[in-house]
Amino acid sequence: MAGAAGGMPVIAPMPAAQPARIPTQRDGAEEAAAGTTVDHLTETYRTHYRSLLGLAALLLDDTASCEDVVQEAFIRVHSARKRVRDPEKTLAYLRQTVVNLSRSALRRRILGLKLLSKPMPDMASAEEGAYDQLERDSLIKAMKGLQRRQREVLVLRYFADMTEAQVAETLGISLGSVKAYGSRGIAALRVAMEAPA
């Protein structure tokens, strides 16, 4: 009896311990498959809000639109967070969404300008005064003169401090294209900055 009773506690815990490990591993895999958590996404958003806003500002040059774009990016990534399987890529998803939404905003602006039959009357406002001050800055003017893809590469590479590989992943282009757009963009900036005002 003592041997049987002594054998059961030794044998019984071992099978119980093995299945206890397996569900833990599966649970981890299920959590990874479920995507990034709301808490992680929210913390990433809070931590990088200013840099995301700055990224949008360099692409759009309009504070109100920039804030809208960054908030919309958070909402979209939040809705699709299950697709962000690697929590380390949450920031990359947010950046890519900001870039894509900025492109869409620029397209809508261009379309709106084309559809306007008459120019709007000039009305001075605080926002226009701030915008005019930004336009005087030669770097901003030079950036505006770049091709869209050159501007995106330079902003992500030097403002967002991303590597060339991260820029390629964010924009969905090859590493060689990132290098080409970057070097052409820098060359175009040099010419624009050296040109007389």
# chains A, B, ... in the order shown; residues from 1 in each chain; ligands from 1
$ residues_around --residues "Glu67 of chain A" --least-positions-apart "2" --cutoff "12 Å" --atoms "only C-alpha atoms" --output "PyMOL selection string"
chain A and resi 49-57+60-65+69-74+98+101-102
$ write_last_selection --atoms "N, CA, C and O atoms" --output "mmCIF file, in the first residue's frame"
data_model
loop_
_atom_site.group_PDB
_atom_site.id
_atom_site.type_symbol
_atom_site.label_atom_id
_atom_site.label_comp_id
_atom_site.auth_asym_id
_atom_site.auth_seq_id
_atom_site.Cartn_x
_atom_site.Cartn_y
_atom_site.Cartn_z
ATOM 1 N N TYR A 49 3.630 59.684 -30.321
ATOM 2 C CA TYR A 49 2.653 60.611 -30.906
ATOM 3 C C TYR A 49 3.335 61.814 -31.564
ATOM 4 O O TYR A 49 3.036 62.169 -32.692
ATOM 5 N N ARG A 50 4.274 62.434 -30.855
ATOM 6 C CA ARG A 50 4.932 63.642 -31.394
ATOM 7 C C ARG A 50 5.723 63.337 -32.660
ATOM 8 O O ARG A 50 5.701 64.111 -33.608
ATOM 9 N N SER A 51 6.418 62.202 -32.695
ATOM 10 C CA SER A 51 7.187 61.884 -33.902
ATOM 11 C C SER A 51 6.251 61.557 -35.065
ATOM 12 O O SER A 51 6.529 61.906 -36.208
ATOM 13 N N LEU A 52 5.117 60.903 -34.780
ATOM 14 C CA LEU A 52 4.135 60.612 -35.835
ATOM 15 C C LEU A 52 3.528 61.918 -36.353
ATOM 16 O O LEU A 52 3.334 62.084 -37.561
ATOM 17 N N LEU A 53 3.256 62.842 -35.430
ATOM 18 C CA LEU A 53 2.717 64.144 -35.818
ATOM 19 C C LEU A 53 3.734 64.903 -36.669
ATOM 20 O O LEU A 53 3.383 65.517 -37.686
ATOM 21 N N GLY A 54 4.999 64.855 -36.277
ATOM 22 C CA GLY A 54 6.047 65.508 -37.056
ATOM 23 C C GLY A 54 6.202 64.901 -38.436
ATOM 24 O O GLY A 54 6.428 65.610 -39.418
ATOM 25 N N LEU A 55 6.067 63.582 -38.522
ATOM 26 C CA LEU A 55 6.139 62.893 -39.809
ATOM 27 C C LEU A 55 5.025 63.386 -40.723
ATOM 28 O O LEU A 55 5.268 63.755 -41.878
ATOM 29 N N ALA A 56 3.813 63.442 -40.204
ATOM 30 C CA ALA A 56 2.681 63.936 -40.997
ATOM 31 C C ALA A 56 2.874 65.402 -41.367
ATOM 32 O O ALA A 56 2.558 65.812 -42.487
ATOM 33 N N ALA A 57 3.439 66.190 -40.453
ATOM 34 C CA ALA A 57 3.645 67.620 -40.713
ATOM 35 C C ALA A 57 4.607 67.842 -41.870
ATOM 36 O O ALA A 57 4.411 68.747 -42.683
ATOM 37 N N LEU A 60 2.547 66.980 -44.989
ATOM 38 C CA LEU A 60 1.333 67.744 -45.258
ATOM 39 C C LEU A 60 1.471 69.249 -45.057
ATOM 40 O O LEU A 60 0.783 70.013 -45.706
ATOM 41 N N ASP A 61 2.286 69.711 -44.100
ATOM 42 C CA ASP A 61 2.434 71.137 -43.795
ATOM 43 C C ASP A 61 1.115 71.792 -43.371
ATOM 44 O O ASP A 61 0.847 72.922 -43.731
ATOM 45 N N ASP A 62 0.300 71.067 -42.640
ATOM 46 C CA ASP A 62 -0.980 71.607 -42.173
ATOM 47 C C ASP A 62 -1.288 70.957 -40.829
ATOM 48 O O ASP A 62 -1.602 69.776 -40.767
ATOM 49 N N THR A 63 -1.175 71.718 -39.752
ATOM 50 C CA THR A 63 -1.272 71.165 -38.399
ATOM 51 C C THR A 63 -2.576 70.420 -38.161
ATOM 52 O O THR A 63 -2.576 69.312 -37.627
ATOM 53 N N ALA A 64 -3.692 71.022 -38.533
ATOM 54 C CA ALA A 64 -4.983 70.372 -38.279
ATOM 55 C C ALA A 64 -5.082 69.040 -39.021
ATOM 56 O O ALA A 64 -5.519 68.031 -38.456
ATOM 57 N N SER A 65 -4.664 69.029 -40.272
ATOM 58 C CA SER A 65 -4.707 67.783 -41.050
ATOM 59 C C SER A 65 -3.764 66.743 -40.461
ATOM 60 O O SER A 65 -4.076 65.553 -40.449
ATOM 61 N N VAL A 69 -4.744 63.042 -39.338
ATOM 62 C CA VAL A 69 -4.105 61.874 -39.948
ATOM 63 C C VAL A 69 -3.548 60.936 -38.876
ATOM 64 O O VAL A 69 -3.731 59.721 -38.949
ATOM 65 N N VAL A 70 -2.877 61.485 -37.866
ATOM 66 C CA VAL A 70 -2.281 60.648 -36.819
ATOM 67 C C VAL A 70 -3.365 59.949 -36.003
ATOM 68 O O VAL A 70 -3.251 58.759 -35.696
ATOM 69 N N GLN A 71 -4.444 60.656 -35.687
ATOM 70 C CA GLN A 71 -5.537 60.029 -34.946
ATOM 71 C C GLN A 71 -6.218 58.950 -35.779
ATOM 72 O O GLN A 71 -6.555 57.878 -35.276
ATOM 73 N N GLU A 72 -6.418 59.227 -37.052
ATOM 74 C CA GLU A 72 -7.018 58.228 -37.940
ATOM 75 C C GLU A 72 -6.116 57.006 -38.078
ATOM 76 O O GLU A 72 -6.593 55.870 -38.143
ATOM 77 N N ALA A 73 -4.812 57.225 -38.099
ATOM 78 C CA ALA A 73 -3.866 56.097 -38.168
ATOM 79 C C ALA A 73 -4.022 55.202 -36.946
ATOM 80 O O ALA A 73 -4.036 53.969 -37.058
ATOM 81 N N PHE A 74 -4.138 55.813 -35.774
ATOM 82 C CA PHE A 74 -4.331 55.021 -34.542
ATOM 83 C C PHE A 74 -5.615 54.210 -34.630
ATOM 84 O O PHE A 74 -5.633 53.018 -34.320
ATOM 85 N N VAL A 98 0.316 56.412 -41.282
ATOM 86 C CA VAL A 98 0.416 57.877 -41.356
ATOM 87 C C VAL A 98 0.849 58.306 -42.758
ATOM 88 O O VAL A 98 0.279 59.231 -43.346
ATOM 89 N N LEU A 101 -2.127 57.692 -45.207
ATOM 90 C CA LEU A 101 -3.206 58.668 -45.011
ATOM 91 C C LEU A 101 -2.773 60.063 -45.460
ATOM 92 O O LEU A 101 -3.595 60.839 -45.962
ATOM 93 N N SER A 102 -1.499 60.391 -45.292
ATOM 94 C CA SER A 102 -0.995 61.685 -45.773
ATOM 95 C C SER A 102 -1.077 61.755 -47.291
ATOM 96 O O SER A 102 -1.470 62.783 -47.859
#
$ closest_atom_pairs --of "segment 51-103 of chain A" --to "segment 171-191 of chain A" --cutoff "10 Å" --atoms "only C-alpha atoms" --output "Markdown table"
| residue | atom | partner | partner_atom | distance |
| --- | --- | --- | --- | --- |
| A:Arg95 | CA | A:Leu171 | CA | 9.6 |
| A:Gln96 | CA | A:Leu171 | CA | 6.8 |
| A:Thr97 | CA | A:Leu171 | CA | 9.8 |
| A:Val99 | CA | A:Leu171 | CA | 8.1 |
| A:Asn100 | CA | A:Leu171 | CA | 8.6 |
$ atom_distance --atom1 "atom CA of Pro87 of chain A" --atom2 "atom CA of Leu154 of chain A"
25.7 Å
$ atom_distance --atom1 "atom CA of Lys141 of chain A" --atom2 "atom CA of Tyr158 of chain A"
17.0 Å
$ atom_distance --atom1 "atom CA of Leu94 of chain A" --atom2 "atom CA of Arg108 of chain A"
21.0 Å
$ residues_around --residues "His78 of chain A" --least-positions-apart "2" --cutoff "12 Å" --atoms "only C-alpha atoms" --output "ChimeraX atom specification"
/A:35-45,71-76,80-84,90-91,93-94,97
$ closest_residue --among "A:Ala142, A:Ile110, A:Val153, A:Val77" --to "Ala92 of chain A" --atoms "only C-alpha atoms"
A:Val77
